[in-house]
Every structure is written in C-alpha cells, then in structure tokens.
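Report on the structure given below.
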Amino acid sequence: MAQTSDPTRQVPTRRISFEEALADLPRHFAADGNVISSHVIANLSAVFPDGEDFFVRSVRHYRSKITDPDLKKQVNGFIGQEAMHGREHRVFNDRLAELGYPTKRVERFTRWGLELRSRKAPASANLAATAALEHFTATLAELVMRNEDLREAMGADVVRGIFEWHALEESEHKAVAFDVYQAAVGKERLRVWTMKSIRFGFIIGMTLQVLASLARDPAARSIRRLRKDWKAFKKLPVLRKDVWDTLRDYDRPDFHPDDHDTVALVEEWQGRLFGEDGTLTDKLVGAAA
C-alpha cells in the first residue's frame, strides 16, 4: 500500500454551527445585493451536502484496505470534516429555501443522482470522481483564501464565514481522496478521463442550474440590474484563465494535489479563523477531534 504524500498532515474535525447567525440573512446577501453572486453561492451550497455524502461513501469503501496508519488517520479526519460540511451547508440551504432559492429541489436531485451512481458505478469510478471533484473544491478553496475581493463579494459575514471555514478544511484534506485512489486503485487513465468529463460537466451543469434559479427570482427580471450585477461578477477571479489551467493541471501524469503548495496559507487561515482571536472561534461547539 502506497504511503501518504505527507504523513504529517493534520485533518482535524471541528464541530461548528452557523445556524444562529443565519437567522437574519437577507435574500440577496452578496455584496451590494448582487443577485447573480447570491444565486451562484446558493446553488454551489445546494450541491454540497449530498456531494459530501458521496465523497464519504466513496472513500469509506476503501478504508478497510488502507494499511498506512497515517493515511488511515487522515481518512478518518476527511470523513469527519466532510460530514460537518454537509451538515452546515444543509442548514444554510434550509435558510436559503426560506428566502426563495430552489436549494431543496437541487438537494433532492443531487441526492438521487449520486445515490444512483453509488449503486450502479464501480467503486473505483466513484473514488476517481471524488478525487477529481476534490481538486475542484481545493482550487476554489485556495482562491477564496488568497483573494480578498472574492471574499468581500460574498457579502454577509455569515456567508463569508461558512466559505472561509469550508475552504480551510478543503485545503487541509485536499490530498486524502487522491492518496486513497492512488493506493487502492491507481489507474491513471481512469483518473484523468474522469476529470476531463467532470471538468466540463460540472461547469455546464452549474451554469444551467444558476440560470434556472435566476429565472425564478423577480429581482432578476430587471435587465438593468442584471447587467450591473454581471459586470461586477465577471471581475471576480473565478472566471480567470489561471483557474481553468489549475483544473487542467490534474491531467498531468505526475500530478499530485500537494504540487500546489498551500502549507503556509493553511497555517495562516487556521490562525485567522480558529486562533486565540480567530473570527470563528465563537462558532465552535466542541473541541476539534
């Protein structure tokens, strides 16, 4: 069984709650009430809970086959972190549904599709999909932590907090599913071609989902407002070419998630969020495992 890329990597499970802070969330919570940014964030959150459940199932399937004690410990941390992400995004989605976003419908559709895939697709293919999607989330996580403009565009403090916390933990465990795949499956062709299909499928699917969500929002019927909000949204770094290039880097034969060094960045954000004066220490409801 292959060794982990970094046996010193720590993947702590933090018990945290944003529910109380979400009570006063306005409908268009993004900066300046940007309707497009609000719907993009809402629709990303809508796929997370059942996506995280799928990731956990896919990795857990191979847990008994892992003999490396460091990787086994990291898998346990991965499962704990992803379970918390799913729980808190579901709470966020409940509040978004109260505000009129179709998050619960998206959750049901996502659950149906991923549960079907879990039953019908080979376990190796599901793990390959998990590793690929973890590179997606790690890429977005690094962007969130490095780019203040992107964080500011999220608007409401609680929304920023949810995504900063999620970004930190995605970076902490970004190589776990990949290392499990390499140790337990290791098929390069499957790994690369899975990412090629997901890279286009996820972006196209998310675009259609956001458009359908916007179509239900009366505020989006103002062409003038949409133009203004699109002008602001397209300046955000999520649409830059280097983001696409980072996603494509996964196709390299010698690729590993740790090639994108975020060690110092992770340490910085661990302190910013959960240090002595961390901005999210008041959201913790128990000691990290």
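Chain labels run A, B, ... following the order of the structure tokens; each chain numbers its residues from 1, and ligands are numbered from 1 in the order shown.
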Give me the residues within 12 Å of Thr13 of chain A as a CSV table (one decimal) with N, CA and C atoms, in the first residue's frame, counting only C-alpha atoms and dropping any in the same chain fewer than 4 places off.
```csv
chain,number,residue,atom,x,y,z
A,73,LYS,N,-5.5,7.6,9.4
A,73,LYS,CA,-5.9,8.6,10.3
A,73,LYS,C,-6.5,9.8,9.5
A,74,GLN,N,-5.8,10.1,8.4
A,74,GLN,CA,-6.3,11.2,7.6
A,74,GLN,C,-7.7,11.0,7.0
A,75,VAL,N,-7.9,9.7,6.6
A,75,VAL,CA,-9.2,9.3,6.1
A,75,VAL,C,-10.3,9.6,7.2
A,76,ASN,N,-10.0,9.2,8.4
A,76,ASN,CA,-11.0,9.5,9.5
A,76,ASN,C,-11.3,11.0,9.6
A,77,GLY,N,-10.2,11.8,9.5
A,77,GLY,CA,-10.4,13.2,9.6
A,77,GLY,C,-11.2,13.7,8.4
A,78,PHE,N,-10.9,13.2,7.2
A,78,PHE,CA,-11.6,13.6,6.0
A,78,PHE,C,-13.1,13.3,6.2
A,79,ILE,N,-13.4,12.1,6.7
A,79,ILE,CA,-14.9,11.8,6.8
A,79,ILE,C,-15.5,12.7,7.8
A,80,GLY,N,-14.8,13.0,8.9
A,80,GLY,CA,-15.4,14.0,9.9
A,80,GLY,C,-15.6,15.4,9.4
A,81,GLN,N,-14.6,15.9,8.6
A,81,GLN,CA,-14.7,17.2,8.1
A,81,GLN,C,-15.9,17.3,7.0
A,82,GLU,N,-15.9,16.3,6.2
A,82,GLU,CA,-16.9,16.3,5.1
A,82,GLU,C,-18.3,16.2,5.7
A,83,ALA,N,-18.5,15.4,6.8
A,83,ALA,CA,-19.8,15.3,7.5
A,83,ALA,C,-20.2,16.6,8.0
A,84,MET,N,-19.3,17.4,8.6
A,84,MET,CA,-19.6,18.7,9.1
A,84,MET,C,-20.0,19.7,8.0
A,85,HIS,N,-19.2,19.6,6.9
A,85,HIS,CA,-19.6,20.5,5.8
A,85,HIS,C,-21.0,20.2,5.3
A,165,TRP,N,-14.4,28.8,6.4
A,165,TRP,CA,-14.2,27.6,7.1
A,165,TRP,C,-14.1,26.4,6.2
A,166,HIS,N,-15.0,26.3,5.2
A,166,HIS,CA,-15.0,25.2,4.2
A,166,HIS,C,-13.8,25.2,3.4
A,168,LEU,N,-10.8,26.4,4.2
A,168,LEU,CA,-9.6,25.9,5.0
A,168,LEU,C,-9.6,24.4,5.1
A,169,GLU,N,-10.7,23.8,5.4
A,169,GLU,CA,-10.8,22.4,5.6
A,169,GLU,C,-10.6,21.6,4.3
A,170,GLU,N,-11.1,22.2,3.2
A,170,GLU,CA,-10.9,21.5,1.9
A,170,GLU,C,-9.4,21.5,1.6
A,172,GLU,N,-7.0,21.5,3.9
A,172,GLU,CA,-6.4,20.6,4.9
A,172,GLU,C,-6.4,19.2,4.4
A,173,HIS,N,-7.5,18.8,3.8
A,173,HIS,CA,-7.7,17.4,3.4
A,173,HIS,C,-7.6,17.2,1.8
A,284,LEU,N,-17.5,27.6,17.3
A,284,LEU,CA,-17.2,26.2,17.7
A,284,LEU,C,-18.1,25.8,18.8
A,285,VAL,N,-18.5,24.5,18.7
A,285,VAL,CA,-19.4,24.0,19.7
A,285,VAL,C,-18.8,22.8,20.5
A,286,GLY,N,-17.5,22.5,20.2
A,286,GLY,CA,-16.8,21.5,20.9
A,286,GLY,C,-15.4,21.5,20.4
A,287,ALA,N,-14.5,20.7,21.1
A,287,ALA,CA,-13.1,20.7,20.8
A,287,ALA,C,-12.9,19.9,19.5
A,288,ALA,N,-11.9,20.4,18.7
A,288,ALA,CA,-11.6,19.7,17.5
A,288,ALA,C,-11.0,18.3,17.8
A,289,ALA,N,-11.5,17.3,17.0
A,289,ALA,CA,-11.0,15.9,17.2
A,289,ALA,C,-9.7,15.7,16.5
```
Near segment 155-163 of chain A, 9 Å: segment 242-287 of chain A residue rows, closest pairs, only C-alpha atoms, as a tab-separated table:
```
residue	atom	partner	partner_atom	distance
A:Leu273	CA	A:Gly161	CA	8.6
A:Thr279	CA	A:Gly161	CA	8.1
A:Leu280	CA	A:Gly161	CA	7.1
```
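Going from atom CA of Arg27 of chain A to atom CA of Gly100 of chain A covers 7.7 Å.
Reported to one decimal place, the separation of atom CA of Met206 of chain A from atom CA of Arg87 of chain A is 21.2 Å.
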Task: Who sits within 6 Å of Asp251 of chain A, only C-alpha atoms, same chain under 2 positions skipped, as number ranges by chain - done: A: 192, 248-249
Take the residues from that selection and write them out as a compact mmCIF listing (two decimals), in the first residue's frame, keeping C-alpha atoms.
```
# COMPACT_ATOMS: atom_id res chain seq x y z
CA VAL A 192 -7.51 11.58 -15.99
CA ARG A 248 -6.41 21.12 -16.14
CA ASP A 249 -3.18 20.54 -14.23
```
Task: Nearby residues (only C-alpha atoms) at most 10 Å from segment 112-116 of chain A, same-chain spacing under 4 positions excluded, as an MDAnalysis selection string - done: chainID A and resid 50:51 53:55 57 106:108 120:121 126
Return as JSON lines the residues of segment 62-138 of chain A lying at most 12 Å from segment 214-217 of chain A, together with the closest atom-to-atom pair for each and the distance in Å to one decimal, counting only C-alpha atoms, with rows in chain order and ascending residue number.
```
{"residue": "A:Leu99", "atom": "CA", "partner": "A:Asp217", "partner_atom": "CA", "distance": 10.4}
{"residue": "A:Gly100", "atom": "CA", "partner": "A:Asp217", "partner_atom": "CA", "distance": 7.9}
{"residue": "A:Tyr101", "atom": "CA", "partner": "A:Asp217", "partner_atom": "CA", "distance": 8.2}
{"residue": "A:Pro102", "atom": "CA", "partner": "A:Arg216", "partner_atom": "CA", "distance": 8.6}
```
Write a file of the selected residues as a short mmCIF file (atom, residue, chain, number, x, y, z; two decimals), in the first residue's frame, keeping C-alpha atoms.
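After the write, again.cif holds the following:
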```
data_model
loop_
_atom_site.label_atom_id
_atom_site.label_comp_id
_atom_site.auth_asym_id
_atom_site.auth_seq_id
_atom_site.Cartn_x
_atom_site.Cartn_y
_atom_site.Cartn_z
CA LEU A 99 -35.63 33.08 1.21
CA GLY A 100 -36.93 31.62 -2.05
CA TYR A 101 -33.93 29.79 -3.51
CA PRO A 102 -34.57 26.30 -5.00
#
```
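Nearest to Asp229 of chain A of all the residues A:Thr130, A:Ser37, A:Gln10, A:Ser5 is A:Ser37, counting only C-alpha atoms.
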Task: All residues 10 Å or closer to Ala46 of chain A, only C-alpha atoms, same chain fewer than 6 positions away omitted, as a VMD selection string - done: chain A and resid 40 86 89 to 90 92 to 94 96 to 97 101 to 108 110
Could you dump the residues just selected with N, CA and C atoms as a short mmCIF file (atom, residue, chain, number, x, y, z; two decimals), in the first residue's frame?
```cif
data_model
loop_
_atom_site.label_atom_id
_atom_site.label_comp_id
_atom_site.auth_asym_id
_atom_site.auth_seq_id
_atom_site.Cartn_x
_atom_site.Cartn_y
_atom_site.Cartn_z
N VAL A 40 -25.29 32.23 -7.48
CA VAL A 40 -24.15 31.32 -7.69
C VAL A 40 -23.77 30.66 -6.36
N GLY A 86 -21.31 18.91 5.16
CA GLY A 86 -22.66 18.57 4.71
C GLY A 86 -23.71 19.09 5.66
N HIS A 89 -23.87 23.09 5.50
CA HIS A 89 -24.43 23.58 4.24
C HIS A 89 -25.91 23.22 4.13
N ARG A 90 -26.33 22.12 4.75
CA ARG A 90 -27.75 21.81 4.74
C ARG A 90 -28.53 22.83 5.56
N PHE A 92 -27.56 25.94 6.00
CA PHE A 92 -27.53 27.12 5.13
C PHE A 92 -28.59 27.00 4.04
N ASN A 93 -28.68 25.82 3.44
CA ASN A 93 -29.66 25.60 2.36
C ASN A 93 -31.09 25.73 2.87
N ASP A 94 -31.34 25.30 4.09
CA ASP A 94 -32.69 25.45 4.66
C ASP A 94 -33.06 26.93 4.74
N LEU A 96 -31.72 29.36 2.92
CA LEU A 96 -31.85 29.85 1.56
C LEU A 96 -33.20 29.48 0.96
N ALA A 97 -33.70 28.30 1.28
CA ALA A 97 -35.02 27.88 0.79
C ALA A 97 -36.11 28.79 1.35
N TYR A 101 -34.84 30.49 -2.61
CA TYR A 101 -33.93 29.79 -3.51
C TYR A 101 -34.35 28.32 -3.64
N PRO A 102 -34.14 27.70 -4.80
CA PRO A 102 -34.57 26.30 -5.00
C PRO A 102 -33.57 25.28 -4.45
N THR A 103 -32.99 25.55 -3.31
CA THR A 103 -31.92 24.70 -2.79
C THR A 103 -32.39 23.29 -2.44
N LYS A 104 -33.61 23.16 -1.91
CA LYS A 104 -34.07 21.83 -1.51
C LYS A 104 -34.37 20.96 -2.74
N ARG A 105 -34.86 21.58 -3.79
CA ARG A 105 -35.08 20.83 -5.04
C ARG A 105 -33.74 20.35 -5.60
N VAL A 106 -32.74 21.23 -5.58
CA VAL A 106 -31.41 20.84 -6.06
C VAL A 106 -30.83 19.74 -5.19
N GLU A 107 -31.01 19.85 -3.88
CA GLU A 107 -30.54 18.79 -2.97
C GLU A 107 -31.16 17.44 -3.34
N ARG A 108 -32.47 17.42 -3.56
CA ARG A 108 -33.14 16.14 -3.87
C ARG A 108 -32.62 15.55 -5.17
N THR A 110 -29.68 16.15 -6.63
CA THR A 110 -28.29 15.75 -6.43
C THR A 110 -28.22 14.43 -5.67
#
```
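In this model, the gap between atom CA of Ala264 of chain A and atom CA of Asp68 of chain A comes to 25.5 Å.
Minimum distance to Ser171 of chain A across A:Asp261, A:Asp254, A:Glu152, A:Asp245 (counting only C-alpha atoms) occurs at A:Asp261.
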Open item on the list: Just checking: using only C-alpha atoms, which residue out of A:Ala232, A:Glu164, A:Arg60, A:Asp282 ends up closest to Glu148 of chain A?
Closed with: A:Glu164
Open item on the list: I need the residues in segment 22-263 of chain A that are alpha helix (DSSP H) according to DSSP; give them as number ranges by chain.
Closed with: A: 35-60, 69-98, 103-120, 123-146, 148-153, 157-172, 176-184, 188-215, 223-233, 241-248, 263
